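*Asks:* Okay, here's the structure, questions in a sec.
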Amino acid sequence: MQLIDKVKETANFLTNKGFKTADAGIILGTGLGALVNEIEVETEIEYSEIPHFPIATVEFHKGKLIYGKLEDKSIIAMQGRFHYYEGYSMSEVVFPVRVLKEIGIEKLLISNAGGSMNLNWNKGELMLIEDHINLQPDSPLRGTEASAFGAIFTDMSEPYDSNLNNQLLKIAEDQNITLNKGIYVSVAGPNLETKAEYRYLRQIGADVVGMSTVPEVIAANQMNLPVAAISVLTDDCDPDNLQPINIDDIIATAMKAEKNLVVLFKELMKTI
């Protein structure tokens with residue numbers, strides 16, 4: 001079965017389960033599930049029950065698709081996402097985004113947890129992604145089947161929608177929320193970076209490093225789906241004062257910081 005046929009079959013399955021055209025799709029990253037508590041849930045389904053859907057393998061990632069209302073706007077939320085480092089192909093990583101677009105989402109909002117290499121920022125703050133550097137070793141547009149969703153030579157001159165970004169910046173100012181602006185670099189993972197790698201990533205222009213988001217953004221741009229993304233800064237990546245990684249601390253920081261992320265996304269939905 002061709003990829004486009006799998007996407008259509010999955011979308012039809014979900015439509016029959018009550019998933020409808022929505023104002024926005026939202027991808028909830030590591031430790032960032034509190035927004036679900038704000039959703040007026042109409043229907044939900046485990047990833048394991050959805051045809052052709054990958055299954056989240058990381059223990060702190062949920063695996064559930066949710067349809068409902070947020071600030072009286074219809075949304076489809078992915079509670080849990082897929083990563084290249086889990087062993088999936090890039091086509092599988094972005095498969096849910098293609099399905100959501102087929103169902104009919106009009107915008108895509110993404111959150112992630114990332115390590116901050118900008119020493120002017122503090123752990124627990126947020127960063128609006130203005131642009132990205134892709135250091136992952138593959139592209140979701142590679143191969144013969146990706147062309148069914150748009151041009152494979154997709155323009156990436158403005159991967160993040162300026163209107164959504166400007167609205168988020170205004171909301172942050174109005175709500176007195178620190179929302180830094182910067183560059184996200186996506187690496188393969190799952191290992192963390194060495195001191196030399198942090199220095200290199202900083203020198204090439206990145207503020208925050210993570211292992212997600214960019215594949216989904218590329219796929220969204222191919223399908224002309226406006227996208228905005230916010231990183232929660234869960235750890236300080238200072239090569240001169242680098243401490244051993246503590247995943248529990250990263251998750252705790254993400255959960256503590258996500259209250260501001262929830263406010264931003266909820267207020268943004270009022271304007272969509």
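Simple scheme: letters A, B, ... for chains in structure tokens order, numbers from 1 for residues in each chain, numbers from 1 for ligands in the order shown.
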Fewer than 3 positions away in the same chain doesn't count, so skip those; otherwise give me all residues within 9 Å of A:Ile133, counting only C-alpha atoms, as a list in words.
*Replies:*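 My reading of the contact set: Ile183, Tyr184, Val185, Ser186, Val187, Ile204, Gly205, Ala206 and Val214 of chain A.
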*Asks:* Report as a PDB file with N, CA and C atoms, in the first residue's frame all protein, DNA and RNA residues lying within 9 Å of A:Asp72, evaluated on only C-alpha atoms, omitting residues in the same chain fewer than 6 positions from it.
*Replies:*
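This is the output file selection_11.pdb:
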```
ATOM      1  N   GLU A  40     -11.679  20.304  26.359  1.00  0.00           N
ATOM      2  CA  GLU A  40     -13.003  19.699  26.512  1.00  0.00           C
ATOM      3  C   GLU A  40     -13.051  18.511  25.541  1.00  0.00           C
ATOM      4  N   MET A 269      -5.326  30.243  20.773  1.00  0.00           N
ATOM      5  CA  MET A 269      -6.530  29.643  20.191  1.00  0.00           C
ATOM      6  C   MET A 269      -7.671  30.654  20.114  1.00  0.00           C
ATOM      7  N   LYS A 270      -7.693  31.621  21.012  1.00  0.00           N
ATOM      8  CA  LYS A 270      -8.750  32.651  20.979  1.00  0.00           C
ATOM      9  C   LYS A 270      -8.639  33.515  19.730  1.00  0.00           C
TER      10      LYS A 270
END
```
*Asks:* Would you please work out which residue, of A:Lys181, A:Lys20, A:His83, A:Lys195, is nearest to A:Pro215 when using only C-alpha atoms?
*Replies:*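 The shortest atom-to-atom distance to A:Pro215 comes from A:His83.
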*Asks:* Any idea what the distance is between atom CA of A:Glu106 and atom CA of A:Val94?
*Replies:* 16.5 Å
*Asks:* When you count only C-alpha atoms, which of these residues is closest to A:Leu201: A:Cys237, A:Ala228, A:Met1, A:Ile66?
*Replies:*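 Ranked by minimum distance to A:Leu201, first place goes to A:Cys237.
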*Asks:* With distances taken over only C-alpha atoms, which of A:Leu242, A:Ile26, A:Leu268, A:Val97 is nearest to A:Phe149?
*Replies:*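 Looking only at the distances to A:Phe149, the closest residue turns out to be A:Val97.
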*Asks:* Name the residues of stretch 20-224 of chain A that fall into alpha helix (DSSP H) according to DSSP on the backbone, using the chain letters and numbers of this document, as a PyMOL selection string.
*Replies:* chain A and resi 90-93+95-103+162-174+195-203+214-222
*Asks:* Those same residues - C-alpha atoms - I'd like them written as a PDB file, in the first residue's frame.
*Replies:*
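The resulting file, part_37.pdb, is reproduced below:
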```pdb
ATOM      1  CA  MET A  90      11.321   9.922   8.899  1.00  0.00           C
ATOM      2  CA  SER A  91       8.206   8.968   6.959  1.00  0.00           C
ATOM      3  CA  GLU A  92       6.841   7.311  10.098  1.00  0.00           C
ATOM      4  CA  VAL A  93       7.866  10.236  12.312  1.00  0.00           C
ATOM      5  CA  PHE A  95       2.938  10.241   9.453  1.00  0.00           C
ATOM      6  CA  PRO A  96       0.585  11.649  12.144  1.00  0.00           C
ATOM      7  CA  VAL A  97       1.048  15.198  10.827  1.00  0.00           C
ATOM      8  CA  ARG A  98       0.103  14.032   7.347  1.00  0.00           C
ATOM      9  CA  VAL A  99      -2.986  12.329   8.782  1.00  0.00           C
ATOM     10  CA  LEU A 100      -4.026  15.447  10.716  1.00  0.00           C
ATOM     11  CA  LYS A 101      -3.683  17.546   7.571  1.00  0.00           C
ATOM     12  CA  GLU A 102      -5.786  14.984   5.662  1.00  0.00           C
ATOM     13  CA  ILE A 103      -8.488  15.214   8.365  1.00  0.00           C
ATOM     14  CA  SER A 162       5.239  34.844  11.066  1.00  0.00           C
ATOM     15  CA  ASN A 163       1.614  35.652  11.902  1.00  0.00           C
ATOM     16  CA  LEU A 164       1.414  32.901  14.523  1.00  0.00           C
ATOM     17  CA  ASN A 165       4.805  33.886  15.920  1.00  0.00           C
ATOM     18  CA  ASN A 166       3.828  37.555  16.202  1.00  0.00           C
ATOM     19  CA  GLN A 167       0.603  36.619  17.970  1.00  0.00           C
ATOM     20  CA  LEU A 168       2.506  34.437  20.441  1.00  0.00           C
ATOM     21  CA  LEU A 169       4.997  37.224  21.166  1.00  0.00           C
ATOM     22  CA  LYS A 170       2.179  39.686  21.809  1.00  0.00           C
ATOM     23  CA  ILE A 171       0.392  37.201  24.093  1.00  0.00           C
ATOM     24  CA  ALA A 172       3.616  36.621  26.027  1.00  0.00           C
ATOM     25  CA  GLU A 173       4.071  40.353  26.492  1.00  0.00           C
ATOM     26  CA  ASP A 174       0.466  40.829  27.600  1.00  0.00           C
ATOM     27  CA  LYS A 195      31.187  19.630  25.513  1.00  0.00           C
ATOM     28  CA  ALA A 196      32.812  20.022  22.104  1.00  0.00           C
ATOM     29  CA  GLU A 197      29.494  19.372  20.362  1.00  0.00           C
ATOM     30  CA  TYR A 198      27.726  22.016  22.452  1.00  0.00           C
ATOM     31  CA  ARG A 199      30.431  24.516  21.482  1.00  0.00           C
ATOM     32  CA  TYR A 200      30.061  23.556  17.820  1.00  0.00           C
ATOM     33  CA  LEU A 201      26.255  23.853  17.861  1.00  0.00           C
ATOM     34  CA  ARG A 202      26.479  27.243  19.519  1.00  0.00           C
ATOM     35  CA  GLN A 203      29.081  28.446  17.030  1.00  0.00           C
ATOM     36  CA  VAL A 214      12.103  19.726  12.578  1.00  0.00           C
ATOM     37  CA  PRO A 215      10.814  16.682  10.634  1.00  0.00           C
ATOM     38  CA  GLU A 216       7.225  17.650  11.434  1.00  0.00           C
ATOM     39  CA  VAL A 217       7.907  21.260  10.445  1.00  0.00           C
ATOM     40  CA  ILE A 218       9.361  20.163   7.111  1.00  0.00           C
ATOM     41  CA  ALA A 219       6.312  17.998   6.398  1.00  0.00           C
ATOM     42  CA  ALA A 220       3.957  20.812   7.441  1.00  0.00           C
ATOM     43  CA  ASN A 221       5.687  23.237   5.074  1.00  0.00           C
ATOM     44  CA  GLN A 222       5.446  20.751   2.226  1.00  0.00           C
TER      45      GLN A 222
END
```
*Asks:* Write out as a ChimeraX atom specification each polymer residue whose atoms come within 6 Å of A:Asp207, counting only C-alpha atoms; drop sequence neighbours fewer than 3 positions from it.
*Replies:* /A:117-118,182-183
